[in-house]
>>> print(open('query.cif').read())   # mmCIF, C-alpha atoms and all ligand atoms
data_input
#
loop_
_atom_site.group_PDB
_atom_site.id
_atom_site.type_symbol
_atom_site.label_atom_id
_atom_site.label_comp_id
_atom_site.auth_asym_id
_atom_site.auth_seq_id
_atom_site.Cartn_x
_atom_site.Cartn_y
_atom_site.Cartn_z
ATOM 1 C CA MET A 317 14.717 -155.665 40.205
ATOM 2 C CA THR A 318 16.799 -158.836 40.396
ATOM 3 C CA GLY A 319 16.522 -162.198 38.749
ATOM 4 C CA VAL A 320 15.524 -160.952 35.320
ATOM 5 C CA MET A 321 18.956 -160.764 33.763
ATOM 6 C CA PRO A 322 20.129 -163.870 31.848
ATOM 7 C CA GLU A 323 23.308 -165.399 33.267
ATOM 8 C CA LYS A 324 25.419 -164.604 30.188
ATOM 9 C CA GLU A 325 24.668 -160.898 30.581
ATOM 10 C CA ARG A 326 25.839 -160.751 34.181
ATOM 11 C CA ILE A 327 29.221 -159.300 35.025
ATOM 12 C CA SER A 328 31.873 -162.009 34.910
ATOM 13 C CA SER A 329 34.579 -161.204 37.449
ATOM 14 C CA SER A 330 36.881 -163.789 35.860
ATOM 15 C CA LYS A 331 36.677 -161.911 32.538
ATOM 16 C CA VAL A 332 37.613 -158.715 34.353
ATOM 17 C CA ARG A 333 40.549 -160.448 36.042
ATOM 18 C CA GLU A 334 41.802 -161.838 32.726
ATOM 19 C CA CYS A 335 42.224 -158.358 31.282
ATOM 20 C CA LEU A 336 43.492 -156.647 34.426
ATOM 21 C CA HIS A 337 47.160 -155.699 34.948
ATOM 22 C CA THR A 338 46.879 -153.392 37.920
ATOM 23 C CA LYS A 339 49.259 -153.157 40.855
ATOM 24 C CA ILE A 340 46.706 -152.560 43.584
ATOM 25 C CA LEU A 341 43.165 -151.827 42.461
ATOM 26 C CA GLY A 342 41.058 -154.881 41.702
ATOM 27 C CA ARG A 343 43.675 -157.329 43.071
ATOM 28 C CA SER A 344 40.592 -159.162 44.235
ATOM 29 C CA ILE A 345 37.068 -158.723 42.871
ATOM 30 C CA LEU A 346 34.079 -159.742 44.955
ATOM 31 C CA TYR A 347 30.930 -160.144 42.901
ATOM 32 C CA PHE A 348 27.351 -160.175 44.231
ATOM 33 C CA ARG A 349 24.012 -160.442 42.486
ATOM 34 C CA THR A 350 22.644 -157.905 44.913
ATOM 35 C CA LEU A 351 23.774 -155.899 47.934
ATOM 36 C CA THR A 352 22.203 -153.092 49.901
ATOM 37 C CA SER A 353 25.158 -150.910 48.934
ATOM 38 C CA THR A 354 28.629 -151.835 47.700
ATOM 39 C CA ASN A 355 30.034 -148.943 49.766
ATOM 40 C CA HIS A 356 28.349 -150.246 52.880
ATOM 41 C CA PHE A 357 29.666 -153.773 52.306
ATOM 42 C CA ALA A 358 33.173 -152.540 51.455
ATOM 43 C CA LYS A 359 33.278 -150.470 54.642
ATOM 44 C CA LEU A 360 32.351 -153.498 56.760
ATOM 45 C CA LEU A 361 35.097 -155.434 55.043
ATOM 46 C CA ALA A 362 37.665 -152.659 55.384
ATOM 47 C CA ALA A 363 36.970 -152.461 59.108
ATOM 48 C CA ARG A 364 38.242 -156.072 59.291
ATOM 49 C CA ASN A 365 41.673 -155.003 58.111
ATOM 50 C CA VAL A 366 41.605 -156.596 54.655
ATOM 51 C CA ARG A 367 44.224 -155.442 52.147
ATOM 52 C CA GLU A 368 43.569 -152.402 50.028
ATOM 53 C CA GLY A 369 42.576 -152.777 46.405
ATOM 54 C CA ILE A 370 39.628 -155.144 46.858
ATOM 55 C CA ALA A 371 36.736 -154.221 44.579
ATOM 56 C CA VAL A 372 33.171 -155.069 45.537
ATOM 57 C CA VAL A 373 30.749 -155.268 42.599
ATOM 58 C CA ALA A 374 26.988 -155.804 42.699
ATOM 59 C CA GLU A 375 24.552 -156.324 39.867
ATOM 60 C CA THR A 376 21.938 -154.298 41.771
ATOM 61 C CA GLN A 377 21.795 -152.340 45.022
ATOM 62 C CA SER A 378 18.666 -152.123 47.100
ATOM 63 C CA ARG A 379 19.880 -149.097 49.056
ATOM 64 C CA GLY A 380 22.503 -147.461 46.868
ATOM 65 C CA LYS A 381 23.748 -144.238 48.436
ATOM 66 C CA GLY A 382 24.598 -140.803 47.153
ATOM 67 C CA ARG A 383 26.115 -138.012 49.206
ATOM 68 C CA LEU A 384 24.367 -136.529 52.230
ATOM 69 C CA GLY A 385 22.009 -139.468 52.614
ATOM 70 C CA ARG A 386 20.676 -139.218 49.083
ATOM 71 C CA LYS A 387 19.548 -142.281 47.198
ATOM 72 C CA TRP A 388 21.396 -143.809 44.238
ATOM 73 C CA VAL A 389 19.054 -145.731 41.942
ATOM 74 C CA SER A 390 20.845 -148.945 40.951
ATOM 75 C CA PRO A 391 18.963 -151.170 38.499
ATOM 76 C CA GLU A 392 20.358 -154.194 36.642
ATOM 77 C CA GLY A 393 22.646 -153.252 33.795
ATOM 78 C CA GLY A 394 24.548 -150.573 35.720
ATOM 79 C CA LEU A 395 28.097 -150.795 36.979
ATOM 80 C CA TRP A 396 27.967 -150.393 40.750
ATOM 81 C CA PHE A 397 31.201 -151.000 42.596
ATOM 82 C CA SER A 398 33.423 -149.849 45.445
ATOM 83 C CA ILE A 399 37.157 -150.068 46.057
ATOM 84 C CA ILE A 400 38.826 -150.360 49.447
ATOM 85 C CA LEU A 401 41.814 -148.029 49.808
ATOM 86 C CA ARG A 402 44.337 -147.374 52.534
ATOM 87 C CA PRO A 403 46.177 -144.283 51.369
ATOM 88 C CA PRO A 404 48.579 -142.859 53.942
ATOM 89 C CA MET A 405 46.910 -139.462 53.875
ATOM 90 C CA ARG A 406 45.312 -136.983 56.238
ATOM 91 C CA PRO A 407 41.514 -137.190 56.447
ATOM 92 C CA ARG A 408 41.235 -133.704 54.915
ATOM 93 C CA ASP A 409 42.970 -135.005 51.785
ATOM 94 C CA ALA A 410 40.394 -137.738 51.146
ATOM 95 C CA ALA A 411 38.604 -135.500 48.609
ATOM 96 C CA LYS A 412 41.595 -136.160 46.350
ATOM 97 C CA LEU A 413 40.315 -139.709 45.950
ATOM 98 C CA THR A 414 37.007 -138.499 44.502
ATOM 99 C CA LEU A 415 38.921 -136.295 42.129
ATOM 100 C CA LEU A 416 41.145 -139.197 41.139
ATOM 101 C CA GLY A 417 38.077 -141.369 40.554
ATOM 102 C CA SER A 418 36.310 -138.782 38.436
ATOM 103 C CA VAL A 419 39.304 -138.213 36.192
ATOM 104 C CA ALA A 420 39.734 -141.988 35.781
ATOM 105 C CA VAL A 421 36.082 -142.312 34.717
ATOM 106 C CA ALA A 422 36.258 -139.398 32.251
ATOM 107 C CA LYS A 423 39.491 -140.753 30.739
ATOM 108 C CA THR A 424 38.086 -144.274 30.408
ATOM 109 C CA ILE A 425 34.841 -143.104 28.792
ATOM 110 C CA SER A 426 36.667 -141.010 26.238
ATOM 111 C CA GLU A 427 39.240 -143.719 25.473
ATOM 112 C CA LEU A 428 36.761 -146.592 25.109
ATOM 113 C CA TYR A 429 33.770 -144.926 23.487
ATOM 114 C CA GLU A 430 35.057 -141.576 22.226
ATOM 115 C CA LEU A 431 32.299 -139.856 24.169
ATOM 116 C CA LYS A 432 32.945 -136.422 25.599
ATOM 117 C CA ALA A 433 32.516 -136.886 29.319
ATOM 118 C CA GLU A 434 32.610 -133.798 31.500
ATOM 119 C CA ILE A 435 33.442 -133.742 35.163
ATOM 120 C CA LYS A 436 31.142 -131.608 37.240
ATOM 121 C CA TRP A 437 33.119 -130.867 40.361
ATOM 122 C CA PRO A 438 33.338 -132.602 42.735
ATOM 123 C CA ASN A 439 31.851 -136.018 41.963
ATOM 124 C CA ASP A 440 29.671 -136.157 38.843
ATOM 125 C CA ILE A 441 30.518 -137.279 35.344
ATOM 126 C CA LEU A 442 28.150 -135.898 32.751
ATOM 127 C CA ILE A 443 27.516 -136.435 29.073
ATOM 128 C CA ASN A 444 25.624 -133.638 27.340
ATOM 129 C CA GLN A 445 24.894 -132.194 30.784
ATOM 130 C CA ARG A 446 23.216 -135.413 31.963
ATOM 131 C CA LYS A 447 24.555 -137.491 34.817
ATOM 132 C CA LEU A 448 26.266 -140.695 33.728
ATOM 133 C CA CYS A 449 28.202 -141.444 36.885
ATOM 134 C CA GLY A 450 28.450 -140.385 40.503
ATOM 135 C CA ILE A 451 31.229 -141.119 42.964
ATOM 136 C CA LEU A 452 30.872 -141.455 46.703
ATOM 137 C CA THR A 453 34.032 -141.551 48.818
ATOM 138 C CA GLU A 454 33.647 -142.480 52.451
ATOM 139 C CA GLY A 455 36.205 -143.237 55.112
ATOM 140 C CA GLU A 456 36.926 -144.025 58.682
ATOM 141 C CA ILE A 457 39.103 -141.767 60.746
ATOM 142 C CA ARG A 458 41.011 -143.010 63.754
ATOM 143 C CA GLU A 459 43.341 -140.879 65.833
ATOM 144 C CA GLU A 460 43.244 -138.162 63.198
ATOM 145 C CA LYS A 461 44.407 -140.574 60.515
ATOM 146 C CA LEU A 462 42.471 -142.029 57.637
ATOM 147 C CA ARG A 463 42.177 -145.690 58.612
ATOM 148 C CA PHE A 464 40.628 -146.577 55.274
ATOM 149 C CA ALA A 465 38.621 -145.082 52.451
ATOM 150 C CA VAL A 466 36.033 -146.607 50.172
ATOM 151 C CA ALA A 467 35.535 -145.109 46.728
ATOM 152 C CA GLY A 468 32.152 -146.061 45.261
ATOM 153 C CA PHE A 469 31.330 -145.671 41.588
ATOM 154 C CA GLY A 470 27.803 -145.625 40.196
ATOM 155 C CA LEU A 471 28.029 -145.791 36.422
ATOM 156 C CA ASN A 472 24.896 -146.005 34.276
ATOM 157 C CA ALA A 473 25.961 -148.542 31.683
ATOM 158 C CA ASN A 474 23.380 -150.796 30.009
ATOM 159 C CA PHE A 475 19.832 -149.848 30.841
ATOM 160 C CA SER A 476 17.098 -147.732 29.414
ATOM 161 C CA LEU A 477 16.230 -144.459 31.118
ATOM 162 C CA GLU A 478 12.633 -145.680 31.277
ATOM 163 C CA ILE A 479 13.650 -147.833 34.236
ATOM 164 C CA LEU A 480 14.552 -144.782 36.311
ATOM 165 C CA PRO A 481 12.027 -142.816 38.356
ATOM 166 C CA LYS A 482 10.441 -140.050 36.287
ATOM 167 C CA HIS A 483 12.277 -137.167 37.950
ATOM 168 C CA LEU A 484 15.648 -138.676 36.979
ATOM 169 C CA ARG A 485 14.939 -139.406 33.317
ATOM 170 C CA GLU A 486 15.638 -135.817 32.270
ATOM 171 C CA LEU A 487 18.746 -135.553 34.418
ATOM 172 C CA ALA A 488 20.453 -138.877 33.794
ATOM 173 C CA THR A 489 21.939 -140.734 30.879
ATOM 174 C CA THR A 490 23.379 -144.205 30.297
ATOM 175 C CA LEU A 491 26.142 -145.464 28.019
ATOM 176 C CA SER A 492 23.728 -147.648 26.057
ATOM 177 C CA GLU A 493 21.460 -144.616 25.469
ATOM 178 C CA GLN A 494 24.408 -142.576 24.251
ATOM 179 C CA LEU A 495 25.852 -145.272 22.008
ATOM 180 C CA GLY A 496 22.668 -146.993 20.846
ATOM 181 C CA LYS A 497 24.058 -150.372 21.945
ATOM 182 C CA LYS A 498 25.075 -152.257 25.044
ATOM 183 C CA ILE A 499 28.699 -152.143 26.128
ATOM 184 C CA SER A 500 30.824 -154.801 27.831
ATOM 185 C CA ARG A 501 30.789 -153.965 31.519
ATOM 186 C CA GLU A 502 33.819 -156.222 32.021
ATOM 187 C CA ILE A 503 35.897 -154.162 29.599
ATOM 188 C CA LEU A 504 34.597 -150.968 31.159
ATOM 189 C CA LEU A 505 35.426 -152.117 34.697
ATOM 190 C CA CYS A 506 38.829 -153.431 33.687
ATOM 191 C CA ASN A 507 39.840 -150.216 31.921
ATOM 192 C CA LEU A 508 38.487 -148.067 34.688
ATOM 193 C CA LEU A 509 40.429 -149.996 37.331
ATOM 194 C CA GLN A 510 43.504 -149.789 35.126
ATOM 195 C CA ASN A 511 43.311 -145.995 34.786
ATOM 196 C CA ALA A 512 42.407 -145.509 38.457
ATOM 197 C CA ASP A 513 45.343 -147.733 39.468
ATOM 198 C CA GLU A 514 47.763 -145.601 37.469
ATOM 199 C CA TYR A 515 46.408 -142.449 39.110
ATOM 200 C CA TYR A 516 46.551 -144.089 42.530
ATOM 201 C CA GLU A 517 50.222 -144.840 41.985
ATOM 202 C CA MET A 518 50.814 -141.217 40.992
ATOM 203 C CA LEU A 519 49.090 -140.108 44.173
ATOM 204 C CA SER A 520 51.310 -142.407 46.264
ATOM 205 C CA ASP A 521 54.373 -141.038 44.456
ATOM 206 C CA GLY A 522 53.398 -137.481 45.382
ATOM 207 C CA LYS A 523 52.395 -136.595 41.816
ATOM 208 C CA PHE A 524 48.935 -135.229 42.525
ATOM 209 C CA GLU A 525 49.748 -132.305 40.229
ATOM 210 C CA THR A 526 49.745 -134.679 37.224
ATOM 211 C CA ILE A 527 46.268 -135.915 38.179
ATOM 212 C CA LEU A 528 45.120 -132.316 38.538
ATOM 213 C CA ASN A 529 46.430 -131.504 35.095
ATOM 214 C CA ASP A 530 44.494 -134.412 33.589
ATOM 215 C CA TRP A 531 41.427 -133.220 35.474
ATOM 216 C CA ARG A 532 41.879 -129.725 34.021
ATOM 217 C CA ARG A 533 42.316 -131.148 30.517
ATOM 218 C CA LEU A 534 39.420 -133.598 30.663
ATOM 219 C CA SER A 535 36.847 -131.934 32.867
ATOM 220 C CA GLY A 536 35.456 -129.224 30.568
ATOM 221 C CA PHE A 537 34.337 -127.563 33.788
ATOM 222 C CA LEU A 538 36.748 -124.703 34.255
ATOM 223 C CA GLY A 539 35.450 -121.426 32.855
ATOM 224 C CA SER A 540 31.845 -122.373 33.658
ATOM 225 C CA TYR A 541 29.633 -120.007 35.591
ATOM 226 C CA VAL A 542 28.482 -121.925 38.628
ATOM 227 C CA GLU A 543 26.166 -121.598 41.555
ATOM 228 C CA ILE A 544 27.358 -123.524 44.559
ATOM 229 C CA ALA A 545 25.226 -124.279 47.566
ATOM 230 C CA GLY A 546 27.364 -124.994 50.593
ATOM 231 C CA CYS A 547 26.082 -125.735 54.052
ATOM 232 C CA ARG A 548 26.153 -122.105 55.119
ATOM 233 C CA GLU A 549 25.799 -120.007 51.982
ATOM 234 C CA LYS A 550 25.266 -119.988 48.271
ATOM 235 C CA ILE A 551 27.814 -118.382 45.961
ATOM 236 C CA GLU A 552 27.958 -117.675 42.244
ATOM 237 C CA GLY A 553 30.929 -117.133 40.025
ATOM 238 C CA TRP A 554 33.349 -118.584 37.510
ATOM 239 C CA ALA A 555 35.042 -121.867 38.253
ATOM 240 C CA VAL A 556 38.612 -120.846 37.523
ATOM 241 C CA ASP A 557 40.807 -123.645 38.798
ATOM 242 C CA LEU A 558 41.477 -126.368 41.313
ATOM 243 C CA ASP A 559 44.174 -125.754 43.885
ATOM 244 C CA ASN A 560 46.810 -128.239 44.979
ATOM 245 C CA ASP A 561 44.391 -129.865 47.418
ATOM 246 C CA GLY A 562 41.676 -130.334 44.802
ATOM 247 C CA ALA A 563 39.536 -127.490 46.195
ATOM 248 C CA LEU A 564 37.634 -125.417 43.650
ATOM 249 C CA ILE A 565 38.624 -121.792 43.155
ATOM 250 C CA VAL A 566 35.674 -119.595 42.226
ATOM 251 C CA ARG A 567 36.008 -115.996 41.044
ATOM 252 C CA LEU A 568 33.029 -113.923 42.131
ATOM 253 C CA GLU A 569 31.502 -110.988 40.213
ATOM 254 C CA ASP A 570 33.472 -108.550 42.403
ATOM 255 C CA GLN A 571 36.705 -110.292 41.247
ATOM 256 C CA THR A 572 37.489 -111.741 44.665
ATOM 257 C CA THR A 573 38.120 -115.478 44.805
ATOM 258 C CA ARG A 574 36.733 -118.155 47.071
ATOM 259 C CA ARG A 575 38.124 -121.567 47.824
ATOM 260 C CA VAL A 576 35.367 -124.184 47.969
ATOM 261 C CA ILE A 577 36.026 -127.591 49.493
ATOM 262 C CA SER A 578 32.557 -129.077 49.204
ATOM 263 C CA GLY A 579 29.141 -128.108 47.979
ATOM 264 C CA GLU A 580 26.446 -128.730 45.462
ATOM 265 C CA VAL A 581 26.936 -127.240 42.017
ATOM 266 C CA THR A 582 23.389 -126.404 41.094
ATOM 267 C CA ARG A 583 23.799 -124.650 37.777
ATOM 268 C CA ILE A 584 26.403 -124.584 35.091
ATOM 269 C CA VAL A 585 26.260 -122.257 32.167
ATOM 270 C CA GLN A 586 29.106 -122.369 29.719
ATOM 271 C CA VAL A 587 30.284 -118.818 29.190
ATOM 272 C CA LYS A 588 32.515 -117.539 26.445
ATOM 273 C CA ARG A 589 33.919 -114.724 28.521
ATOM 274 C CA PRO A 590 37.347 -115.653 29.939
ATOM 275 C CA ALA A 591 37.272 -116.238 33.662
ATOM 276 C CA HIS A 592 40.522 -114.429 34.429
HETATM 277 C C1 LIG B 1 26.485 -139.351 43.924
HETATM 278 O O1 LIG B 1 25.845 -138.709 44.940
HETATM 279 O O2 LIG B 1 26.436 -139.033 42.766
HETATM 280 C C2 LIG B 1 27.264 -140.573 44.373
HETATM 281 C C3 LIG B 1 26.679 -141.832 43.828
HETATM 282 C C4 LIG B 1 27.530 -143.036 44.165
HETATM 283 C C5 LIG B 1 26.848 -144.333 43.837
HETATM 284 C C6 LIG B 1 27.762 -145.501 44.024
HETATM 285 S S1 LIG B 1 27.087 -146.958 43.388
HETATM 286 C C7 LIG B 1 28.310 -147.913 44.131
HETATM 287 C C8 LIG B 1 28.549 -147.302 45.498
HETATM 288 N N1 LIG B 1 27.638 -147.865 46.472
HETATM 289 C C9 LIG B 1 26.775 -146.942 46.940
HETATM 290 O O3 LIG B 1 25.879 -147.157 47.784
HETATM 291 N N2 LIG B 1 27.043 -145.754 46.368
HETATM 292 C C10 LIG B 1 28.152 -145.829 45.455
HETATM 293 P P1 LIG B 1 25.142 -137.290 44.791
HETATM 294 O O4 LIG B 1 26.069 -136.300 44.159
HETATM 295 O O5 LIG B 1 24.619 -136.993 46.135
HETATM 296 O O6 LIG B 1 23.969 -137.554 43.779
HETATM 297 C C11 LIG B 1 22.809 -138.242 44.155
HETATM 298 C C12 LIG B 1 21.688 -137.780 43.245
HETATM 299 O O7 LIG B 1 21.894 -138.328 41.923
HETATM 300 C C13 LIG B 1 20.323 -138.276 43.647
HETATM 301 O O8 LIG B 1 19.739 -137.426 44.611
HETATM 302 C C14 LIG B 1 19.568 -138.253 42.337
HETATM 303 O O9 LIG B 1 19.122 -136.944 42.024
HETATM 304 C C15 LIG B 1 20.642 -138.613 41.319
HETATM 305 N N3 LIG B 1 20.631 -140.042 40.969
HETATM 306 C C16 LIG B 1 20.270 -141.117 41.694
HETATM 307 N N4 LIG B 1 20.449 -142.256 41.023
HETATM 308 C C17 LIG B 1 20.934 -141.905 39.802
HETATM 309 C C18 LIG B 1 21.329 -142.628 38.654
HETATM 310 N N5 LIG B 1 21.305 -143.952 38.583
HETATM 311 N N6 LIG B 1 21.769 -141.897 37.590
HETATM 312 C C19 LIG B 1 21.835 -140.565 37.612
HETATM 313 N N7 LIG B 1 21.474 -139.822 38.676
HETATM 314 C C20 LIG B 1 21.034 -140.488 39.755
#
>>> encode(input="query.cif", output="structure tokens")
Amino acid sequence: MTGVMPEKERISSSKVRECLHTKILGRSILYFRTLTSTNHFAKLLAARNVREGIAVVAETQSRGKGRLGRKWVSPEGGLWFSIILRPPMRPRDAAKLTLLGSVAVAKTISELYELKAEIKWPNDILINQRKLCGILTEGEIREEKLRFAVAGFGLNANFSLEILPKHLRELATTLSEQLGKKISREILLCNLLQNADEYYEMLSDGKFETILNDWRRLSGFLGSYVEIAGCREKIEGWAVDLDNDGALIVRLEDQTTRRVISGEVTRIVQVKRPAH
């Protein structure tokens, strides 16, 4: 899937740098024509004690990863990148980084293109119920501390759905499909890093609540009736809120609530009935 794209259409990291005014994220941008996985590469780099904030971008990935060993299809024209982070947080708080990433993506998409992006907890960004972006946060734990984290973003930018395997065409969308034209991936990456950097600073300043409030405002998810498959059981109910750790609170039919820290949301039906 490589080698087809004309040079002028490739991502120019210098153009991204020119527009970037972040404190930490994107302080250095490493660009590759192709990698197996930007997350994989960023983790190798992070293990060598490089500074946080480095972004690793690849035009294509030959073995892009989703959660739980799933595959992320990464053709030319997408925006596939990972950021190395060293937040002084407990390993159990690392899910906050995914939440931070998803709210940064939703904010950026609505600001730049006026598209209504929804966040499907915990790591998907959808447009019209189709997946535009997925986030994969991985980390390394040492002596019960998070040594580093890598937040990987897979954002379907400029390619036709025809390129994707058949089973994904109904489930996925791309920005160029939504807008009927190609977008500048440099502007997208720059703005996304900018928004994520602001949220990252809030997180460092102990203002996770502000990020949560933006999530609540932007996600369009709360109030949905959801089915969540966890590793041990499947539950159904209304997604009512996120708690202060970013866990999802689900109200079941019998009015009891459950706190969900991970799982696969398999169905979302918007319901008019209030969840409380
Ligand atoms: C995710 O996993 O959504 C996380 C995806 C993260 C990808 C980025 S790309 C840069 C960085 N480097 C990596 O190697 N990974 C990260 P999950 O929630 O498990 O969803 C995976 C599922 O999404 C797959 O099983 C497919 O059904 C679907 N999928 C795969 N490729 C897709 C695509 N390009 N667009 C939409 N859906 C896709």
>>> resolve_selection(input="query.cif", expression="the PyMOL selection byres (((not hetatm)) within 7 of (chain B and resi 1))", output="MDAnalysis selection string")
chainID A and resid 353:356 379:384 386:390 396:398 439:440 447:452 468:470 472 484 487:489
>>> closest_residue(input="query.cif", among="A:Thr424, A:Thr376, A:Asn365, A:Ser540", to="Phe348 (chain A)", atoms="all atoms listed in the file")
A:Thr376
>>> closest_residue(input="query.cif", among="A:Val566, A:Ile435, A:Ile425, A:Ala465", to="Arg367 (chain A)", atoms="all atoms listed in the file")
A:Ala465
>>> resolve_selection(input="query.cif", expression="the PyMOL selection byres (((chain A and resi 557-562) around 10) and not hetatm)", output="PyMOL selection string")
chain A and resi 408-416+437-438+524-525+527-529+531-532+537-539+554-556+563-567+575-577+591
>>> axis_aligned_box(input="query.cif", around="region 493-498 of chain A", padding_each_side="4 Å", output="lines of an AutoDock Vina configuration file")
center_x = 23.7
center_y = -147.4
center_z = 23.2
size_x = 12.4
size_y = 17.7
size_z = 12.6
>>> residues_around(input="query.cif", residues="Ser426 (chain A)", least_positions_apart="4", cutoff="12 Å", atoms="only C-alpha atoms", output="PyMOL selection string")
chain A and resi 419-422+430-435+441-443+491+504+507-508+511+534-535
>>> atom_distance(input="query.cif", atom1="CA of Tyr516 (chain A)", atom2="CA of Gly417 (chain A)")
9.1 Å
>>> resolve_selection(input="query.cif", expression="the PyMOL selection byres (((chain A and resi 330) around 12) and not hetatm)", output="count of residues only")
20
>>> closest_residue(input="query.cif", among="A:Ala467, A:Ile340, A:Lys436, A:Gln377", to="Lys359 (chain A)", atoms="all atoms listed in the file")
A:Ala467
>>> atom_distance(input="query.cif", atom1="CA of Ser492 (chain A)", atom2="CA of Ser476 (chain A)")
7.4 Å
>>> atom_distance(input="query.cif", atom1="CA of Arg501 (chain A)", atom2="CA of Arg485 (chain A)")
21.6 Å
>>> closest_residue(input="query.cif", among="A:Ile399, A:Leu568, A:Ala358, A:Ala512", to="Ile551 (chain A)", atoms="all atoms listed in the file")
A:Leu568
>>> closest_residue(input="query.cif", among="A:Leu462, A:Met518, A:Ala473, A:Ile370", to="Met405 (chain A)", atoms="all atoms listed in the file")
A:Leu462
>>> closest_residue(input="query.cif", among="A:Asn474, A:Asp521, A:Pro481, A:Gly455", to="Lys498 (chain A)", atoms="all atoms listed in the file")
A:Asn474
>>> residues_around(input="query.cif", residues="Cys547 (chain A)", least_positions_apart="4", cutoff="10 Å", atoms="only C-alpha atoms", output="PDB file with C-alpha atoms, keeping the file's coordinate frame")
ATOM      1  CA  SER A 578      32.557-129.077  49.204  1.00  0.00           C
ATOM      2  CA  GLY A 579      29.141-128.108  47.979  1.00  0.00           C
ATOM      3  CA  GLU A 580      26.446-128.730  45.462  1.00  0.00           C
TER       4      GLU A 580
END
>>> build_atoms(input="query.cif", residues="region 360-365 of chain A", atoms="all heavy atoms", output="compact mmCIF listing (two decimals), in the frame of the given file")
# COMPACT_ATOMS: atom_id res chain seq x y z
N LEU A 360 32.34 -152.42 55.75
CA LEU A 360 32.35 -153.50 56.76
C LEU A 360 33.60 -154.35 56.60
O LEU A 360 34.26 -154.73 57.56
CB LEU A 360 31.10 -154.38 56.61
CG LEU A 360 29.76 -153.76 56.95
CD1 LEU A 360 28.63 -154.75 56.69
CD2 LEU A 360 29.73 -153.32 58.41
N LEU A 361 33.93 -154.61 55.34
CA LEU A 361 35.10 -155.43 55.04
C LEU A 361 36.39 -154.71 55.44
O LEU A 361 37.29 -155.29 56.06
CB LEU A 361 35.09 -155.69 53.53
CG LEU A 361 35.70 -156.96 53.00
CD1 LEU A 361 34.98 -158.16 53.61
CD2 LEU A 361 35.54 -156.98 51.48
N ALA A 362 36.46 -153.45 55.10
CA ALA A 362 37.66 -152.66 55.38
C ALA A 362 37.91 -152.59 56.89
O ALA A 362 39.06 -152.59 57.34
CB ALA A 362 37.51 -151.26 54.80
N ALA A 363 36.84 -152.54 57.65
CA ALA A 363 36.97 -152.46 59.11
C ALA A 363 37.60 -153.74 59.67
O ALA A 363 38.07 -153.77 60.80
CB ALA A 363 35.60 -152.22 59.74
N ARG A 364 37.61 -154.81 58.86
CA ARG A 364 38.24 -156.07 59.29
C ARG A 364 39.69 -156.19 58.83
O ARG A 364 40.24 -157.28 58.72
CB ARG A 364 37.47 -157.25 58.73
CG ARG A 364 36.10 -157.36 59.33
CD ARG A 364 35.37 -158.48 58.69
NE ARG A 364 34.16 -158.76 59.44
CZ ARG A 364 33.62 -159.96 59.56
NH1 ARG A 364 34.19 -160.99 58.97
NH2 ARG A 364 32.54 -160.13 60.24
N ASN A 365 40.25 -155.07 58.45
CA ASN A 365 41.67 -155.00 58.11
C ASN A 365 42.09 -155.78 56.87
O ASN A 365 43.23 -156.24 56.77
CB ASN A 365 42.54 -155.45 59.29
CG ASN A 365 42.40 -154.49 60.45
OD1 ASN A 365 42.26 -153.28 60.22
ND2 ASN A 365 42.37 -155.01 61.65
